[in-house]
Amino acid sequence: MSTERRRSALVTGSSGFVGRHLVRRLAAEGWSVSGLSIAPPGGPADPPPEGVSEYLGDIRDLASTRSIVVEAQPEVVFHLAAQASVPVSMRDPATDVLTNVLGSVHVAQAAAEAGARRIVFFSTGGALHGAPQSLPANEETPIAPDAVYGASKIAAEHELGALCRHLGVELSVLRPGNIYGPGQDAAGESGVVAIFSSRMLAGEPVTIFGDGNQQRDYVYVDDVVEAAVLAAEREPATCVIGTGEGASTQRIFDTLAGLTGYSQPPVYAAERPGDHAAIYLDPSRAREVWGWTPRTALEDGMARTVEWFRGQR
């Protein structure tokens with residue numbers, strides 16, 4: 001009988017889009033997995049994998065967070081829980097900061113008390129740099145967020161860096177582009193691929209904010225989950241997670257319209273506060289340090305996403 005110790009992980013934000021994918025991946029690889037989320041996980045159509053321990057809690061509450069993390073005793077804490085919408089951060093900056101900065105401090109304190117070896121923190125790559133002078137952006141591109149969300153994420157990076165050095169916990173940071181894929185929430189204000197797919201399949205109007213020429217780096221959720229696992233297993237580092245290419249909102253619309261058979265033109269509306277013209281990301285460091293490269297072509301990922309939404313209908 002093997003005496004090899006099972007790897008153990010706690011995923012904050014485990015009921016969220018990326019969190020659910022990560023929990024499934026870790027469970028499938030034999031990790032002992034716990035989830036911490038402010039909302040119940042899954043549902044009848046998307047239950048968590050068998051054997052995963054799920055806790056309800058709010059990372060803004062230190063006592064609750066400490067209790068859950070200490071009980072879970074994880075080797076690695078994957079910290080995904082966040083307020084993740086740029087528009088919401090501009091309307092309600094205080095909640096954004098309390099969740100993304102103070103909540104991250106609480107997670108780090110609890111992880112250290114529980115004896116965790118490493119924290120893998122999901123930051124942002126798309127909202128840190130404002131409108132950079134050269135693209136693709138990388139880890140050396142000047143930090144100049146023009147939205148509260150990006151500011152809160154870089155603040156959390158600094159807080160976690162200082163705390164982890166002080167507490168003796170390793171830290172890896174992922175700076176992903178625009179994550180998309182099956183299971184993403186189409187009811188929010190973020191997640192263009194999910195929102196467009198859902199509305200097109202329902203025959204509803206689709207709104208493009210701005211002229212459609214804004215470019216983002218769309219990276220498929222399974223590729224991001226792969227980066228997170230590597231960030232836990234290989235050397236601690238801060239790495240951009242993207243494809244190195246920008247795709248315009250108009251291209252997303254046109255491709256999804258073709259995949260769904262949607263024939264209506266888009267509705268163009270004013271740009272939203274905090275949005276910027278173009279950002280895409282150079283993943284060279286992630287390749288060098290973690291051996292990570294994106295594997296999913298944008299058109300393939302969008303086709304899989306559309307099929308998932310079609311199945312939900």
# chains A, B, ... in the order shown; residues from 1 in each chain; ligands from 1
$ residues_around --residues "segment 5-13 of chain A" --least-positions-apart "5" --cutoff "10 Å" --atoms "only C-alpha atoms" --output "PyMOL selection string"
chain A and resi 18-20+22-23+26-27+29-39+41+52-59+65+68-69+72-82+107+111+116+118-121+232
$ residues_around --residues "segment 278-293 of chain A" --least-positions-apart "2" --cutoff "9 Å" --atoms "only C-alpha atoms" --output "number ranges by chain"
A: 125-127, 129-132, 135-139, 176-177, 213-218, 223, 226-227, 230-231, 233-248, 276, 295
$ closest_residue --among "A:Ala257, A:Leu62, A:Val224, A:Leu102" --to "Leu160 of chain A" --atoms "only C-alpha atoms"
A:Leu102
$ select_by_dssp --residues "segment 2-152 of chain A" --states "alpha helix (DSSP H)" --output "ChimeraX atom specification"
/A:17-28,62-72,86-91,93-97,103-113,148-152
$ residues_around --residues "Val105 of chain A" --least-positions-apart "4" --cutoff "9 Å" --atoms "only C-alpha atoms" --output "NGL selection string"
:A and (59 or 62 or 100-101 or 109-110 or 156 or 159-160 or 163)
$ residues_around --residues "Arg272 of chain A" --least-positions-apart "4" --cutoff "12 Å" --atoms "only C-alpha atoms" --output "PyMOL selection string"
chain A and resi 85-91+146-147+189-190+207-211+214+268+276-277
$ atom_distance --atom1 "atom CA of His158 of chain A" --atom2 "atom CA of Arg66 of chain A"
20.8 Å
$ atom_distance --atom1 "atom CA of Leu259 of chain A" --atom2 "atom CA of Tyr180 of chain A"
15.8 Å
$ atom_distance --atom1 "atom CA of Trp308 of chain A" --atom2 "atom CA of Ser123 of chain A"
26.4 Å
$ residues_around --residues "Val193 of chain A" --least-positions-apart "2" --cutoff "9 Å" --atoms "only C-alpha atoms" --output "list in words"
Tyr180, Gly181, Gln184, Ala186, Gly191, Ile195, Phe196, Ser197, Ser198, Ile252, Phe253, Leu256, Met302, Thr305 and Val306 of chain A
$ closest_residue --among "A:Asn178, A:Ser14, A:Thr260, A:Gln250" --to "Pro47 of chain A" --atoms "only C-alpha atoms"
A:Ser14
$ residues_around --residues "Asp254 of chain A" --least-positions-apart "6" --cutoff "10 Å" --atoms "only C-alpha atoms" --output "PyMOL selection string"
chain A and resi 248+262-263+265-266
$ closest_residue --among "A:Gly301, A:Gly51, A:Gly183, A:Gly258" --to "Met200 of chain A" --atoms "only C-alpha atoms"
A:Gly258
$ select_by_dssp --residues "segment 25-150 of chain A" --states "strand (DSSP E)" --output "PyMOL selection string"
chain A and resi 32-37+53-56+76-79+118-122
$ write_last_selection --atoms "N, CA and C atoms" --output "mmCIF file, in the first residue's frame"
data_model
loop_
_atom_site.group_PDB
_atom_site.id
_atom_site.type_symbol
_atom_site.label_atom_id
_atom_site.label_comp_id
_atom_site.auth_asym_id
_atom_site.auth_seq_id
_atom_site.Cartn_x
_atom_site.Cartn_y
_atom_site.Cartn_z
ATOM 1 N N SER A 32 -6.632 16.217 -2.063
ATOM 2 C CA SER A 32 -7.665 16.394 -1.053
ATOM 3 C C SER A 32 -8.077 17.864 -1.106
ATOM 4 N N VAL A 33 -9.326 18.131 -1.481
ATOM 5 C CA VAL A 33 -9.741 19.492 -1.826
ATOM 6 C C VAL A 33 -10.833 19.994 -0.896
ATOM 7 N N SER A 34 -10.653 21.219 -0.425
ATOM 8 C CA SER A 34 -11.688 21.953 0.292
ATOM 9 C C SER A 34 -11.983 23.238 -0.466
ATOM 10 N N GLY A 35 -13.212 23.710 -0.368
ATOM 11 C CA GLY A 35 -13.598 24.965 -1.000
ATOM 12 C C GLY A 35 -14.167 25.917 0.016
ATOM 13 N N LEU A 36 -13.863 27.189 -0.152
ATOM 14 C CA LEU A 36 -14.414 28.247 0.698
ATOM 15 C C LEU A 36 -15.055 29.273 -0.224
ATOM 16 N N SER A 37 -16.347 29.512 -0.027
ATOM 17 C CA SER A 37 -17.030 30.458 -0.901
ATOM 18 C C SER A 37 -18.149 31.137 -0.148
ATOM 19 N N SER A 53 -14.755 18.938 0.283
ATOM 20 C CA SER A 53 -15.377 19.575 1.452
ATOM 21 C C SER A 53 -15.630 21.041 1.134
ATOM 22 N N GLU A 54 -16.876 21.460 1.258
ATOM 23 C CA GLU A 54 -17.231 22.847 0.933
ATOM 24 C C GLU A 54 -17.626 23.600 2.199
ATOM 25 N N TYR A 55 -17.076 24.795 2.358
ATOM 26 C CA TYR A 55 -17.382 25.657 3.491
ATOM 27 C C TYR A 55 -17.972 26.958 2.983
ATOM 28 N N LEU A 56 -19.001 27.452 3.665
ATOM 29 C CA LEU A 56 -19.537 28.778 3.380
ATOM 30 C C LEU A 56 -18.866 29.783 4.297
ATOM 31 N N VAL A 76 -1.639 23.883 0.070
ATOM 32 C CA VAL A 76 -1.674 25.005 -0.877
ATOM 33 C C VAL A 76 -3.036 25.681 -0.784
ATOM 34 N N VAL A 77 -3.042 27.001 -0.733
ATOM 35 C CA VAL A 77 -4.275 27.779 -0.805
ATOM 36 C C VAL A 77 -4.316 28.471 -2.160
ATOM 37 N N PHE A 78 -5.316 28.124 -2.960
ATOM 38 C CA PHE A 78 -5.560 28.825 -4.224
ATOM 39 C C PHE A 78 -6.569 29.924 -3.933
ATOM 40 N N HIS A 79 -6.119 31.165 -4.017
ATOM 41 C CA HIS A 79 -6.975 32.283 -3.595
ATOM 42 C C HIS A 79 -7.595 32.963 -4.812
ATOM 43 N N ARG A 118 2.161 27.184 0.481
ATOM 44 C CA ARG A 118 2.144 28.170 -0.598
ATOM 45 C C ARG A 118 0.739 28.716 -0.804
ATOM 46 N N ILE A 119 0.679 29.984 -1.202
ATOM 47 C CA ILE A 119 -0.544 30.612 -1.685
ATOM 48 C C ILE A 119 -0.375 30.853 -3.182
ATOM 49 N N VAL A 120 -1.391 30.492 -3.952
ATOM 50 C CA VAL A 120 -1.448 30.820 -5.375
ATOM 51 C C VAL A 120 -2.555 31.853 -5.540
ATOM 52 N N PHE A 121 -2.163 33.067 -5.858
ATOM 53 C CA PHE A 121 -3.106 34.191 -5.893
ATOM 54 C C PHE A 121 -3.476 34.541 -7.324
ATOM 55 N N PHE A 122 -4.773 34.630 -7.563
ATOM 56 C CA PHE A 122 -5.279 35.070 -8.868
ATOM 57 C C PHE A 122 -5.406 36.585 -8.852
#
$ decode --residues "segment 90-211 of chain A" --atoms "C-alpha atoms" --output "PDB file, in the first residue's frame"
ATOM      1  CA  MET A  90     -16.076  51.898 -10.153  1.00  0.00           C
ATOM      2  CA  ARG A  91     -19.555  52.131  -8.624  1.00  0.00           C
ATOM      3  CA  ASP A  92     -18.660  50.593  -5.266  1.00  0.00           C
ATOM      4  CA  PRO A  93     -14.934  50.994  -4.643  1.00  0.00           C
ATOM      5  CA  ALA A  94     -15.137  50.384  -0.887  1.00  0.00           C
ATOM      6  CA  THR A  95     -16.572  46.884  -1.279  1.00  0.00           C
ATOM      7  CA  ASP A  96     -13.980  46.147  -3.958  1.00  0.00           C
ATOM      8  CA  VAL A  97     -11.131  47.100  -1.632  1.00  0.00           C
ATOM      9  CA  LEU A  98     -12.587  45.294   1.386  1.00  0.00           C
ATOM     10  CA  THR A  99     -12.967  42.070  -0.589  1.00  0.00           C
ATOM     11  CA  ASN A 100      -9.858  42.100  -2.732  1.00  0.00           C
ATOM     12  CA  VAL A 101      -7.340  43.660  -0.347  1.00  0.00           C
ATOM     13  CA  LEU A 102      -8.511  43.068   3.222  1.00  0.00           C
ATOM     14  CA  GLY A 103      -9.958  39.690   2.276  1.00  0.00           C
ATOM     15  CA  SER A 104      -6.606  38.651   0.820  1.00  0.00           C
ATOM     16  CA  VAL A 105      -4.834  39.697   4.008  1.00  0.00           C
ATOM     17  CA  HIS A 106      -7.222  37.510   5.997  1.00  0.00           C
ATOM     18  CA  VAL A 107      -6.593  34.540   3.691  1.00  0.00           C
ATOM     19  CA  ALA A 108      -2.818  34.928   4.079  1.00  0.00           C
ATOM     20  CA  GLN A 109      -3.027  35.134   7.864  1.00  0.00           C
ATOM     21  CA  ALA A 110      -5.251  32.070   8.000  1.00  0.00           C
ATOM     22  CA  ALA A 111      -3.065  30.117   5.560  1.00  0.00           C
ATOM     23  CA  ALA A 112       0.037  30.755   7.658  1.00  0.00           C
ATOM     24  CA  GLU A 113      -1.753  29.724  10.859  1.00  0.00           C
ATOM     25  CA  ALA A 114      -2.876  26.508   9.160  1.00  0.00           C
ATOM     26  CA  GLY A 115       0.704  25.704   8.105  1.00  0.00           C
ATOM     27  CA  ALA A 116       0.150  26.124   4.368  1.00  0.00           C
ATOM     28  CA  ARG A 117       3.276  25.879   2.231  1.00  0.00           C
ATOM     29  CA  ARG A 118       2.144  28.170  -0.598  1.00  0.00           C
ATOM     30  CA  ILE A 119      -0.544  30.612  -1.685  1.00  0.00           C
ATOM     31  CA  VAL A 120      -1.448  30.820  -5.375  1.00  0.00           C
ATOM     32  CA  PHE A 121      -3.106  34.191  -5.893  1.00  0.00           C
ATOM     33  CA  PHE A 122      -5.279  35.070  -8.868  1.00  0.00           C
ATOM     34  CA  SER A 123      -4.536  38.715  -9.661  1.00  0.00           C
ATOM     35  CA  THR A 124      -5.320  40.335 -13.020  1.00  0.00           C
ATOM     36  CA  GLY A 125      -3.296  40.929 -16.142  1.00  0.00           C
ATOM     37  CA  GLY A 126      -5.851  42.932 -18.051  1.00  0.00           C
ATOM     38  CA  ALA A 127      -6.532  45.687 -15.520  1.00  0.00           C
ATOM     39  CA  LEU A 128      -3.096  46.518 -14.095  1.00  0.00           C
ATOM     40  CA  HIS A 129      -1.563  48.594 -16.863  1.00  0.00           C
ATOM     41  CA  GLY A 130      -4.174  51.095 -18.048  1.00  0.00           C
ATOM     42  CA  ALA A 131      -3.229  51.925 -21.626  1.00  0.00           C
ATOM     43  CA  PRO A 132       0.393  50.702 -21.943  1.00  0.00           C
ATOM     44  CA  GLN A 133       2.682  52.337 -24.483  1.00  0.00           C
ATOM     45  CA  SER A 134       3.718  48.979 -25.949  1.00  0.00           C
ATOM     46  CA  LEU A 135       1.953  45.644 -26.318  1.00  0.00           C
ATOM     47  CA  PRO A 136       1.869  42.831 -25.448  1.00  0.00           C
ATOM     48  CA  ALA A 137       2.265  43.730 -21.781  1.00  0.00           C
ATOM     49  CA  ASN A 138       4.480  41.636 -19.536  1.00  0.00           C
ATOM     50  CA  GLU A 139       5.616  41.558 -15.905  1.00  0.00           C
ATOM     51  CA  GLU A 140       7.882  44.572 -16.483  1.00  0.00           C
ATOM     52  CA  THR A 141       5.178  46.792 -18.002  1.00  0.00           C
ATOM     53  CA  PRO A 142       4.525  49.806 -15.730  1.00  0.00           C
ATOM     54  CA  ILE A 143       1.615  49.361 -13.331  1.00  0.00           C
ATOM     55  CA  ALA A 144      -0.946  52.113 -13.941  1.00  0.00           C
ATOM     56  CA  PRO A 145      -4.486  50.833 -13.341  1.00  0.00           C
ATOM     57  CA  ASP A 146      -7.302  53.094 -14.468  1.00  0.00           C
ATOM     58  CA  ALA A 147     -10.001  51.111 -12.647  1.00  0.00           C
ATOM     59  CA  VAL A 148     -10.451  50.476  -8.945  1.00  0.00           C
ATOM     60  CA  TYR A 149     -10.487  46.737  -9.622  1.00  0.00           C
ATOM     61  CA  GLY A 150      -6.958  46.788 -11.026  1.00  0.00           C
ATOM     62  CA  ALA A 151      -5.767  49.025  -8.193  1.00  0.00           C
ATOM     63  CA  SER A 152      -7.199  46.652  -5.594  1.00  0.00           C
ATOM     64  CA  LYS A 153      -5.529  43.656  -7.224  1.00  0.00           C
ATOM     65  CA  ILE A 154      -2.048  45.185  -7.304  1.00  0.00           C
ATOM     66  CA  ALA A 155      -2.557  46.362  -3.717  1.00  0.00           C
ATOM     67  CA  ALA A 156      -3.425  42.785  -2.777  1.00  0.00           C
ATOM     68  CA  GLU A 157      -0.294  41.539  -4.542  1.00  0.00           C
ATOM     69  CA  HIS A 158       1.848  43.883  -2.443  1.00  0.00           C
ATOM     70  CA  GLU A 159       0.059  43.021   0.806  1.00  0.00           C
ATOM     71  CA  LEU A 160       0.396  39.293   0.122  1.00  0.00           C
ATOM     72  CA  GLY A 161       4.053  39.667  -0.844  1.00  0.00           C
ATOM     73  CA  ALA A 162       4.907  41.446   2.390  1.00  0.00           C
ATOM     74  CA  LEU A 163       2.845  39.106   4.554  1.00  0.00           C
ATOM     75  CA  CYS A 164       4.092  35.922   2.944  1.00  0.00           C
ATOM     76  CA  ARG A 165       7.712  36.989   3.372  1.00  0.00           C
ATOM     77  CA  HIS A 166       7.006  37.802   7.021  1.00  0.00           C
ATOM     78  CA  LEU A 167       5.029  34.620   7.693  1.00  0.00           C
ATOM     79  CA  GLY A 168       7.262  32.213   5.782  1.00  0.00           C
ATOM     80  CA  VAL A 169       4.684  31.240   3.145  1.00  0.00           C
ATOM     81  CA  GLU A 170       5.602  30.886  -0.534  1.00  0.00           C
ATOM     82  CA  LEU A 171       3.617  32.992  -3.002  1.00  0.00           C
ATOM     83  CA  SER A 172       2.832  32.484  -6.677  1.00  0.00           C
ATOM     84  CA  VAL A 173       0.798  35.107  -8.530  1.00  0.00           C
ATOM     85  CA  LEU A 174      -1.154  34.604 -11.747  1.00  0.00           C
ATOM     86  CA  ARG A 175      -1.991  37.674 -13.819  1.00  0.00           C
ATOM     87  CA  PRO A 176      -4.543  36.298 -16.300  1.00  0.00           C
ATOM     88  CA  GLY A 177      -6.189  38.005 -19.233  1.00  0.00           C
ATOM     89  CA  ASN A 178      -9.928  37.736 -19.899  1.00  0.00           C
ATOM     90  CA  ILE A 179     -10.849  34.208 -18.819  1.00  0.00           C
ATOM     91  CA  TYR A 180     -13.741  32.575 -20.660  1.00  0.00           C
ATOM     92  CA  GLY A 181     -15.274  29.147 -21.150  1.00  0.00           C
ATOM     93  CA  PRO A 182     -18.123  26.806 -20.217  1.00  0.00           C
ATOM     94  CA  GLY A 183     -19.856  27.622 -16.961  1.00  0.00           C
ATOM     95  CA  GLN A 184     -19.140  31.349 -16.914  1.00  0.00           C
ATOM     96  CA  ASP A 185     -21.898  33.562 -15.493  1.00  0.00           C
ATOM     97  CA  ALA A 186     -23.836  35.256 -18.281  1.00  0.00           C
ATOM     98  CA  ALA A 187     -25.919  37.356 -15.886  1.00  0.00           C
ATOM     99  CA  GLY A 188     -23.152  39.688 -14.730  1.00  0.00           C
ATOM    100  CA  GLU A 189     -21.424  42.661 -16.312  1.00  0.00           C
ATOM    101  CA  SER A 190     -18.145  40.874 -17.078  1.00  0.00           C
ATOM    102  CA  GLY A 191     -17.537  37.904 -19.337  1.00  0.00           C
ATOM    103  CA  VAL A 192     -18.188  39.012 -22.898  1.00  0.00           C
ATOM    104  CA  VAL A 193     -18.103  35.522 -24.422  1.00  0.00           C
ATOM    105  CA  ALA A 194     -20.621  34.172 -21.905  1.00  0.00           C
ATOM    106  CA  ILE A 195     -22.939  37.183 -22.130  1.00  0.00           C
ATOM    107  CA  PHE A 196     -22.929  37.260 -25.916  1.00  0.00           C
ATOM    108  CA  SER A 197     -23.379  33.473 -26.216  1.00  0.00           C
ATOM    109  CA  SER A 198     -26.338  33.395 -23.857  1.00  0.00           C
ATOM    110  CA  ARG A 199     -28.106  36.355 -25.410  1.00  0.00           C
ATOM    111  CA  MET A 200     -27.532  35.205 -28.971  1.00  0.00           C
ATOM    112  CA  LEU A 201     -28.918  31.739 -28.274  1.00  0.00           C
ATOM    113  CA  ALA A 202     -31.980  33.388 -26.722  1.00  0.00           C
ATOM    114  CA  GLY A 203     -32.391  35.715 -29.733  1.00  0.00           C
ATOM    115  CA  GLU A 204     -31.954  38.784 -27.504  1.00  0.00           C
ATOM    116  CA  PRO A 205     -30.202  42.092 -28.346  1.00  0.00           C
ATOM    117  CA  VAL A 206     -26.438  42.149 -27.763  1.00  0.00           C
ATOM    118  CA  THR A 207     -24.721  45.344 -26.630  1.00  0.00           C
ATOM    119  CA  ILE A 208     -21.160  46.321 -27.478  1.00  0.00           C
ATOM    120  CA  PHE A 209     -19.813  49.105 -25.258  1.00  0.00           C
ATOM    121  CA  GLY A 210     -17.722  51.398 -27.455  1.00  0.00           C
ATOM    122  CA  ASP A 211     -17.105  50.940 -31.181  1.00  0.00           C
TER     123      ASP A 211
END
